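Next up, entry-v7.cif (mmCIF, C-alpha atoms):
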```cif
data_upload
#
loop_
_atom_site.label_atom_id
_atom_site.label_comp_id
_atom_site.auth_asym_id
_atom_site.auth_seq_id
_atom_site.Cartn_x
_atom_site.Cartn_y
_atom_site.Cartn_z
CA MET A 1 -26.32 110.70 -53.63
CA LEU A 2 -23.76 108.27 -55.09
CA MET A 3 -21.21 109.21 -52.40
CA TRP A 4 -23.78 108.49 -49.69
CA LEU A 5 -24.55 105.08 -51.20
CA LEU A 6 -20.86 104.25 -51.42
CA SER A 7 -20.30 105.27 -47.81
CA CYS A 8 -23.18 103.02 -46.69
CA ALA A 9 -21.98 99.97 -48.64
CA GLU A 10 -20.75 96.92 -46.78
CA PRO A 11 -16.96 96.68 -46.77
CA ASP A 12 -15.65 94.27 -49.42
CA GLY A 13 -13.48 91.72 -47.61
CA GLU A 14 -11.75 90.56 -50.79
CA VAL A 15 -10.74 94.08 -51.80
CA LEU A 16 -9.62 94.91 -48.26
CA TYR A 17 -7.68 91.64 -47.99
CA GLN A 18 -5.85 92.31 -51.26
CA ASP A 19 -5.15 95.94 -50.30
CA TYR A 20 -3.89 95.29 -46.77
CA CYS A 21 -2.99 91.61 -46.39
CA GLY A 22 -2.22 90.06 -49.78
CA LEU A 23 1.18 91.67 -50.19
CA CYS A 24 2.61 89.72 -47.24
CA HIS A 25 0.22 86.80 -46.72
CA GLY A 26 -0.19 86.11 -50.44
CA VAL A 27 -3.00 86.79 -52.88
CA SER A 28 -4.61 83.47 -51.96
CA GLY A 29 -3.46 83.39 -48.34
CA GLU A 30 -0.54 81.08 -49.14
CA GLY A 31 1.80 83.06 -46.86
CA TYR A 32 5.51 83.73 -46.71
CA ASP A 33 5.55 86.50 -49.31
CA ALA A 34 7.12 88.70 -46.62
CA ASP A 35 9.06 88.07 -43.42
CA ARG A 36 7.54 84.90 -42.01
CA ALA A 37 3.97 85.97 -42.85
CA ASN A 38 2.01 82.84 -42.08
CA ALA A 39 -0.26 81.03 -44.51
CA LEU A 40 -3.73 82.27 -43.66
CA ASN A 41 -5.30 79.62 -45.89
CA ASN A 42 -3.65 76.80 -43.93
CA PRO A 43 -6.28 74.22 -42.91
CA GLU A 44 -4.86 73.49 -39.44
CA PHE A 45 -4.35 77.17 -38.70
CA LEU A 46 -7.91 78.10 -39.65
CA ALA A 47 -9.38 75.14 -37.76
CA SER A 48 -7.67 76.23 -34.55
CA ALA A 49 -7.68 80.04 -34.86
CA SER A 50 -10.80 81.58 -33.34
CA ASP A 51 -12.37 84.70 -34.81
CA PRO A 52 -11.27 86.74 -31.77
CA PHE A 53 -7.69 85.53 -32.34
CA LEU A 54 -7.84 86.59 -36.00
CA VAL A 55 -9.51 89.91 -35.21
CA GLU A 56 -7.08 90.85 -32.44
CA SER A 57 -4.10 89.74 -34.53
CA THR A 58 -5.29 92.05 -37.31
CA ARG A 59 -6.16 94.89 -34.95
CA LEU A 60 -2.91 94.85 -32.94
CA GLY A 61 -0.42 93.23 -35.32
CA ARG A 62 2.79 91.73 -34.07
CA PRO A 63 5.12 94.44 -32.69
CA GLY A 64 8.72 93.91 -33.71
CA THR A 65 7.68 92.17 -36.94
CA SER A 66 6.45 93.36 -40.31
CA MET A 67 2.84 92.62 -39.21
CA SER A 68 1.39 96.09 -38.65
CA ALA A 69 -1.42 97.00 -36.32
CA TRP A 70 -4.30 97.73 -38.73
CA SER A 71 -6.97 99.00 -36.34
CA VAL A 72 -7.94 102.66 -36.19
CA ASP A 73 -7.52 102.33 -32.39
CA ALA A 74 -3.88 101.43 -33.00
CA LEU A 75 -3.45 104.27 -35.52
CA GLY A 76 -4.06 101.99 -38.50
CA PRO A 77 -6.49 102.58 -41.39
CA LEU A 78 -9.16 99.91 -40.68
CA ASP A 79 -12.30 100.14 -38.58
CA ASP A 80 -13.91 97.14 -36.86
CA GLU A 81 -16.36 96.52 -39.70
CA GLN A 82 -13.55 96.41 -42.24
CA ILE A 83 -11.50 94.04 -40.09
CA ASP A 84 -14.55 91.77 -39.69
CA ALA A 85 -14.96 91.76 -43.49
CA ILE A 86 -11.34 90.67 -43.91
CA ILE A 87 -11.78 87.87 -41.37
CA ALA A 88 -14.97 86.72 -43.13
CA ARG A 89 -12.97 86.61 -46.38
CA VAL A 90 -10.16 84.61 -44.77
CA ARG A 91 -12.73 82.16 -43.34
CA LEU A 92 -13.77 81.26 -46.91
CA TRP A 93 -10.50 79.30 -47.13
CA GLN A 94 -11.39 77.13 -44.14
CA THR A 95 -11.75 73.47 -45.12
CA LEU A 96 -11.54 71.70 -41.75
CA GLU A 97 -14.14 71.81 -39.00
CA PRO A 98 -13.26 74.22 -36.18
CA VAL A 99 -11.34 72.65 -33.29
CA GLU A 100 -11.96 73.87 -29.74
CA VAL A 101 -8.54 74.77 -28.42
CA ASP A 102 -9.15 77.80 -26.23
CA SER A 103 -10.31 75.78 -23.19
CA VAL A 104 -7.21 73.55 -23.21
CA VAL A 105 -4.82 74.33 -20.36
CA VAL A 106 -1.39 72.72 -20.49
CA ALA A 107 0.71 71.88 -17.45
CA GLY A 108 4.08 70.81 -18.80
CA ASP A 109 7.66 71.01 -17.59
CA ALA A 110 9.27 74.13 -19.08
CA ALA A 111 12.82 72.92 -18.35
CA ALA A 112 12.23 69.69 -20.28
CA GLY A 113 10.54 71.77 -22.99
CA ALA A 114 13.63 73.96 -23.30
CA LEU A 115 15.75 70.95 -24.24
CA LEU A 116 13.18 69.74 -26.77
CA TYR A 117 12.83 73.22 -28.20
CA ALA A 118 16.58 73.49 -28.76
CA GLU A 119 16.57 70.11 -30.55
CA GLN A 120 13.34 70.36 -32.54
CA CYS A 121 12.25 73.98 -32.93
CA ALA A 122 15.08 76.53 -32.62
CA VAL A 123 16.42 76.06 -36.14
CA CYS A 124 13.17 77.45 -37.62
CA HIS A 125 11.65 79.49 -34.79
CA GLY A 126 14.94 80.94 -33.49
CA VAL A 127 16.91 80.25 -30.32
CA ASP A 128 14.83 82.76 -28.36
CA GLY A 129 11.61 82.21 -30.32
CA GLU A 130 12.26 85.35 -32.38
CA GLY A 131 11.63 83.54 -35.65
CA ALA A 132 14.26 82.46 -38.15
CA SER A 133 12.65 80.88 -41.19
CA ALA A 134 9.35 80.44 -39.33
CA LEU A 135 7.09 82.56 -37.13
CA SER A 136 8.13 84.28 -33.93
CA LEU A 137 6.78 82.34 -30.97
CA SER A 138 8.08 84.76 -28.34
CA ASN A 139 6.17 87.76 -29.70
CA PRO A 140 4.24 89.32 -26.78
CA GLU A 141 1.08 89.94 -28.83
CA PHE A 142 1.10 86.37 -30.13
CA LEU A 143 1.53 84.97 -26.61
CA ALA A 144 -1.22 87.22 -25.25
CA MET A 145 -3.70 86.03 -27.90
CA ALA A 146 -2.75 82.38 -28.40
CA SER A 147 -4.23 79.91 -25.95
CA ASP A 148 -2.26 76.93 -24.67
CA GLY A 149 -4.51 74.77 -26.81
CA PHE A 150 -3.81 76.82 -29.94
CA ILE A 151 -0.06 76.43 -29.43
CA ARG A 152 -0.42 72.75 -28.53
CA TYR A 153 -2.58 72.05 -31.60
CA GLY A 154 -0.04 73.77 -33.85
CA ILE A 155 2.77 71.59 -32.52
CA ALA A 156 0.77 68.36 -32.58
CA GLU A 157 -0.94 68.83 -35.96
CA GLY A 158 1.64 70.99 -37.71
CA ARG A 159 0.78 73.23 -40.63
CA SER A 160 0.33 71.25 -43.85
CA GLY A 161 2.06 72.71 -46.87
CA THR A 162 4.73 74.36 -44.70
CA ALA A 163 7.92 73.20 -43.01
CA MET A 164 5.97 72.88 -39.73
CA MET A 165 5.48 69.13 -39.46
CA ALA A 166 3.00 67.43 -37.17
CA TYR A 167 4.73 66.23 -34.00
CA ALA A 168 1.83 64.13 -32.66
CA ASN A 169 3.48 60.95 -33.96
CA VAL A 170 7.02 62.07 -33.15
CA LEU A 171 6.74 63.33 -29.58
CA GLN A 172 4.81 62.04 -26.60
CA GLU A 173 1.85 64.11 -25.42
CA THR A 174 3.77 65.10 -22.28
CA GLN A 175 6.66 66.34 -24.44
CA ILE A 176 4.29 68.51 -26.46
CA ASP A 177 2.94 69.89 -23.17
CA ASP A 178 6.54 70.57 -22.10
CA LEU A 179 7.12 72.57 -25.29
CA VAL A 180 3.98 74.64 -24.65
CA ALA A 181 5.12 75.32 -21.07
CA PHE A 182 8.52 76.45 -22.36
CA ILE A 183 6.99 78.72 -24.99
CA ARG A 184 4.69 80.20 -22.32
CA ASP A 185 7.77 81.13 -20.26
CA TRP A 186 8.47 83.86 -22.84
CA GLU A 187 5.32 85.70 -21.73
#
```

Take the structure in this file and express it as structure tokens.
Amino acid sequence: MLMWLLSCAEPDGEVLYQDYCGLCHGVSGEGYDADRANALNNPEFLASASDPFLVESTRLGRPGTSMSAWSVDALGPLDDEQIDAIIARVRLWQTLEPVEVDSVVVAGDAAAGALLYAEQCAVCHGVDGEGASALSLSNPEFLAMASDGFIRYGIAEGRSGTAMMAYANVLQETQIDDLVAFIRDWE
């Protein structure tokens, strides 16, 4: 009887987070405990990351990085209910109102963006977006899941508490669009 009750219990997002995510993303979501594992408790990140983005990132991981695919469908240990419980746990860190970024479509100049990227971004994100001290921007799974608006918001608003500064007051809006267009060229 006890085994049946345990098997029917709701998954505990905190326990699952600590078991599967905390080692790299930090016990409190502070990030960077492992290779460029982003801060999941970052206010700007959580405001702009949709639940589908978080779910798919957890399900499919980031091939070529230390971020594993955790979904049973991808030969990982977690079912959809467990992944949802982890995302619900991560959402408890959210302090900013959600920002609608998924409907934003950017039409920038990728060639101009390449020059800006080399000047402003390559030192942290790598010459080819592979990630140096910061996240990989050229990762195929990231590019498939991240909307133009998500990328644009990250550049404009930065990620407080990390080296990723906000560029909204440094670059013109068209320059930020150019960077997004350049990053999209890695798709």

Q) Which residues fall under the PyMOL selection byres ((chain A and resi 162) around 12) in this file, as a PyMOL selection string? A) chain A and resi 30-32+36-45+124+133-135+154+157-161+163-166

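Omitting Asn139 in chain A and its sequence neighbours fewer than 5 positions away, and counting all atoms listed in the file, the residues within 8 Å are Arg62, Pro63, Gly64, Gly129 and Glu130 of chain A.
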
Q: Could you check how far CA of Asp51 in chain A sits from CA of Asp128 in chain A, in Å to one decimal?
A: 28.0 Å

Q. Pick the closest to Asp73 in chain A from A:Thr58, A:Ser103, A:Gln18, A:Gln94: which is it, counting all atoms listed in the file?
A. A:Thr58

Q.
My list of candidates is A:Ile183, A:Leu60, A:Leu116, A:Val123. Which is closest to Leu171 in chain A when distances are computed with all atoms listed in the file?
A.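 Smallest distance to Leu171 in chain A is found for A:Leu116.
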
Show me, as a PDB file with C-alpha atoms, in the frame of the given file, the residues that have an atom within 8 Å of range 168-170 of chain A when counting only C-alpha atoms, minus same-chain residues fewer than 5 positions from it.
```
ATOM      1  CA  ILE A 155       2.770  71.590 -32.520  1.00  0.00           C
ATOM      2  CA  ALA A 156       0.770  68.360 -32.580  1.00  0.00           C
ATOM      3  CA  GLU A 157      -0.940  68.830 -35.960  1.00  0.00           C
ATOM      4  CA  ILE A 176       4.290  68.510 -26.460  1.00  0.00           C
TER       5      ILE A 176
END
```

Q. In Å to one decimal, how far is CA of Ala114 in chain A from CA of Ser138 in chain A?
A. 13.1 Å

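Contact shell of Gln175 in chain A at 9 Å (all atoms listed in the file; same-chain neighbours under 2 positions omitted): Gly108, Asp109, Ala112, Gly113, Leu116, Leu171, Gln172, Glu173, Asp177, Asp178, Leu179 and Val180 of chain A.
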
Q: Identify which of the residues A:Ala146, A:Val55, A:Val105, A:Met67 lies closest to Ile83 in chain A, counting all atoms listed in the file when measuring atom-to-atom distances.
A: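 Ranked by minimum distance to Ile83 in chain A, first place goes to A:Val55.
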
Q) In Å, with one decimal, what is the gap from CA of Glu100 in chain A to CA of Arg59 in chain A? A) 22.4 Å

Q.
Nearest residue to Pro140 in chain A out of A:Pro98, A:Gly61, A:Gly13, A:Gly126, using all atoms listed in the file?
A. A:Gly61

(Q) If we draw a sphere of 12 Å around (-4.0, 78.7, -23.8), which residues have at least one atom in it when counting all atoms listed in the file? Please report them as an NGL selection string. (A) :A and (48-49 or 53 or 100-107 or 142-154 or 177 or 180-181 or 183-184 or 187)

Q: Choose the residue, out of A:Ala85, A:Val127, A:Val90, A:Asp79, that has the smallest atom-to-atom separation from Gly29 in chain A; count only C-alpha atoms.
A: A:Val90

Q | Distance criterion (only C-alpha atoms): nearest to Ile86 in chain A out of A:Ser71, A:Ala110, A:Glu119, A:Pro11 | A | A:Pro11

Could you get me a file of range 89-103 of chain A with all heavy atoms, as a JSON list (two decimals), in the first residue's frame, taken from the block above?
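So the final result, stored in selection-v4.json, reads:
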```
[["chain", "number", "residue", "atom", "x", "y", "z"],
["A", 89, "ARG", "N", 9.32, 24.72, -9.82],
["A", 89, "ARG", "CA", 10.25, 25.09, -8.76],
["A", 89, "ARG", "C", 11.11, 26.27, -9.18],
["A", 89, "ARG", "O", 11.31, 27.22, -8.43],
["A", 89, "ARG", "CB", 11.14, 23.88, -8.38],
["A", 89, "ARG", "CG", 12.30, 24.21, -7.47],
["A", 89, "ARG", "CD", 11.79, 24.80, -6.15],
["A", 89, "ARG", "NE", 12.81, 25.36, -5.34],
["A", 89, "ARG", "CZ", 13.06, 26.67, -5.23],
["A", 89, "ARG", "NH1", 12.40, 27.55, -5.94],
["A", 89, "ARG", "NH2", 13.98, 27.11, -4.40],
["A", 90, "VAL", "N", 11.63, 26.22, -10.39],
["A", 90, "VAL", "CA", 12.46, 27.31, -10.90],
["A", 90, "VAL", "C", 11.66, 28.61, -10.95],
["A", 90, "VAL", "O", 12.16, 29.68, -10.61],
["A", 90, "VAL", "CB", 13.05, 26.94, -12.29],
["A", 90, "VAL", "CG1", 13.66, 28.15, -12.98],
["A", 90, "VAL", "CG2", 14.07, 25.82, -12.15],
["A", 91, "ARG", "N", 10.39, 28.54, -11.32],
["A", 91, "ARG", "CA", 9.54, 29.73, -11.40],
["A", 91, "ARG", "C", 9.37, 30.42, -10.05],
["A", 91, "ARG", "O", 9.07, 31.62, -10.00],
["A", 91, "ARG", "CB", 8.17, 29.38, -11.97],
["A", 91, "ARG", "CG", 8.15, 29.21, -13.45],
["A", 91, "ARG", "CD", 8.27, 30.54, -14.16],
["A", 91, "ARG", "NE", 8.33, 30.32, -15.59],
["A", 91, "ARG", "CZ", 8.99, 31.10, -16.41],
["A", 91, "ARG", "NH1", 9.62, 32.17, -15.98],
["A", 91, "ARG", "NH2", 9.02, 30.84, -17.69],
["A", 92, "LEU", "N", 9.58, 29.72, -8.95],
["A", 92, "LEU", "CA", 9.48, 30.35, -7.63],
["A", 92, "LEU", "C", 10.54, 31.44, -7.44],
["A", 92, "LEU", "O", 10.38, 32.31, -6.59],
["A", 92, "LEU", "CB", 9.60, 29.30, -6.52],
["A", 92, "LEU", "CG", 8.46, 28.29, -6.43],
["A", 92, "LEU", "CD1", 8.75, 27.25, -5.35],
["A", 92, "LEU", "CD2", 7.13, 28.98, -6.18],
["A", 93, "TRP", "N", 11.60, 31.41, -8.23],
["A", 93, "TRP", "CA", 12.64, 32.44, -8.15],
["A", 93, "TRP", "C", 12.28, 33.69, -8.95],
["A", 93, "TRP", "O", 12.96, 34.70, -8.86],
["A", 93, "TRP", "CB", 13.97, 31.90, -8.66],
["A", 93, "TRP", "CG", 14.60, 30.86, -7.78],
["A", 93, "TRP", "CD1", 14.68, 30.88, -6.41],
["A", 93, "TRP", "CD2", 15.23, 29.66, -8.19],
["A", 93, "TRP", "NE1", 15.32, 29.76, -5.96],
["A", 93, "TRP", "CE2", 15.68, 28.99, -7.03],
["A", 93, "TRP", "CE3", 15.47, 29.08, -9.43],
["A", 93, "TRP", "CZ2", 16.35, 27.78, -7.07],
["A", 93, "TRP", "CZ3", 16.14, 27.87, -9.48],
["A", 93, "TRP", "CH2", 16.57, 27.23, -8.30],
["A", 94, "GLN", "N", 11.25, 33.63, -9.75],
["A", 94, "GLN", "CA", 10.91, 34.75, -10.63],
["A", 94, "GLN", "C", 10.44, 35.95, -9.81],
["A", 94, "GLN", "O", 9.52, 35.84, -9.01],
["A", 94, "GLN", "CB", 9.84, 34.34, -11.63],
["A", 94, "GLN", "CG", 9.58, 35.41, -12.67],
["A", 94, "GLN", "CD", 8.78, 34.91, -13.84],
["A", 94, "GLN", "OE1", 8.66, 33.71, -14.07],
["A", 94, "GLN", "NE2", 8.23, 35.83, -14.60],
["A", 95, "THR", "N", 11.08, 37.10, -10.04],
["A", 95, "THR", "CA", 10.74, 38.32, -9.31],
["A", 95, "THR", "C", 10.20, 39.42, -10.23],
["A", 95, "THR", "O", 9.60, 40.37, -9.75],
["A", 95, "THR", "CB", 11.96, 38.87, -8.54],
["A", 95, "THR", "OG1", 13.02, 39.11, -9.46],
["A", 95, "THR", "CG2", 12.40, 37.88, -7.46],
["A", 96, "LEU", "N", 10.47, 39.33, -11.52],
["A", 96, "LEU", "CA", 9.98, 40.32, -12.48],
["A", 96, "LEU", "C", 8.75, 39.76, -13.21],
["A", 96, "LEU", "O", 8.63, 38.55, -13.40],
["A", 96, "LEU", "CB", 11.06, 40.66, -13.51],
["A", 96, "LEU", "CG", 12.35, 41.30, -12.98],
["A", 96, "LEU", "CD1", 13.34, 41.49, -14.12],
["A", 96, "LEU", "CD2", 12.05, 42.62, -12.30],
["A", 97, "GLU", "N", 7.89, 40.67, -13.62],
["A", 97, "GLU", "CA", 6.74, 40.26, -14.42],
["A", 97, "GLU", "C", 7.22, 39.65, -15.73],
["A", 97, "GLU", "O", 8.23, 40.09, -16.30],
["A", 97, "GLU", "CB", 5.85, 41.48, -14.73],
["A", 97, "GLU", "CG", 5.10, 42.00, -13.52],
["A", 97, "GLU", "CD", 4.08, 40.99, -13.01],
["A", 97, "GLU", "OE1", 3.36, 40.38, -13.82],
["A", 97, "GLU", "OE2", 4.03, 40.81, -11.78],
["A", 98, "PRO", "N", 6.49, 38.67, -16.25],
["A", 98, "PRO", "CA", 6.88, 38.09, -17.54],
["A", 98, "PRO", "C", 6.86, 39.14, -18.65],
["A", 98, "PRO", "O", 6.03, 40.05, -18.64],
["A", 98, "PRO", "CB", 5.80, 37.03, -17.80],
["A", 98, "PRO", "CG", 5.17, 36.78, -16.48],
["A", 98, "PRO", "CD", 5.31, 38.03, -15.68],
["A", 99, "VAL", "N", 7.79, 39.02, -19.57],
["A", 99, "VAL", "CA", 7.90, 39.92, -20.72],
["A", 99, "VAL", "C", 7.57, 39.09, -21.96],
["A", 99, "VAL", "O", 8.12, 38.00, -22.14],
["A", 99, "VAL", "CB", 9.33, 40.49, -20.82],
["A", 99, "VAL", "CG1", 9.48, 41.37, -22.04],
["A", 99, "VAL", "CG2", 9.70, 41.23, -19.55],
["A", 100, "GLU", "N", 6.70, 39.62, -22.81],
["A", 100, "GLU", "CA", 6.37, 38.91, -24.05],
["A", 100, "GLU", "C", 7.49, 39.15, -25.07],
["A", 100, "GLU", "O", 7.66, 40.27, -25.54],
["A", 100, "GLU", "CB", 5.03, 39.40, -24.61],
["A", 100, "GLU", "CG", 4.69, 38.87, -25.99],
["A", 100, "GLU", "CD", 4.85, 37.37, -26.16],
["A", 100, "GLU", "OE1", 4.35, 36.60, -25.31],
["A", 100, "GLU", "OE2", 5.50, 36.96, -27.13],
["A", 101, "VAL", "N", 8.23, 38.13, -25.36],
["A", 101, "VAL", "CA", 9.33, 38.26, -26.31],
["A", 101, "VAL", "C", 9.15, 37.35, -27.53],
["A", 101, "VAL", "O", 9.79, 37.57, -28.56],
["A", 101, "VAL", "CB", 10.70, 37.95, -25.64],
["A", 101, "VAL", "CG1", 11.02, 38.99, -24.57],
["A", 101, "VAL", "CG2", 10.74, 36.55, -25.07],
["A", 102, "ASP", "N", 8.31, 36.35, -27.41],
["A", 102, "ASP", "CA", 8.23, 35.35, -28.48],
["A", 102, "ASP", "C", 7.61, 35.87, -29.77],
["A", 102, "ASP", "O", 7.83, 35.30, -30.83],
["A", 102, "ASP", "CB", 7.48, 34.11, -27.99],
["A", 102, "ASP", "CG", 8.30, 33.32, -26.97],
["A", 102, "ASP", "OD1", 9.54, 33.52, -26.92],
["A", 102, "ASP", "OD2", 7.72, 32.53, -26.23],
["A", 103, "SER", "N", 6.85, 36.96, -29.71],
["A", 103, "SER", "CA", 6.24, 37.50, -30.93],
["A", 103, "SER", "C", 7.13, 38.53, -31.62],
["A", 103, "SER", "O", 6.82, 38.99, -32.71],
["A", 103, "SER", "CB", 4.88, 38.12, -30.59],
["A", 103, "SER", "OG", 5.05, 39.20, -29.69]]
```
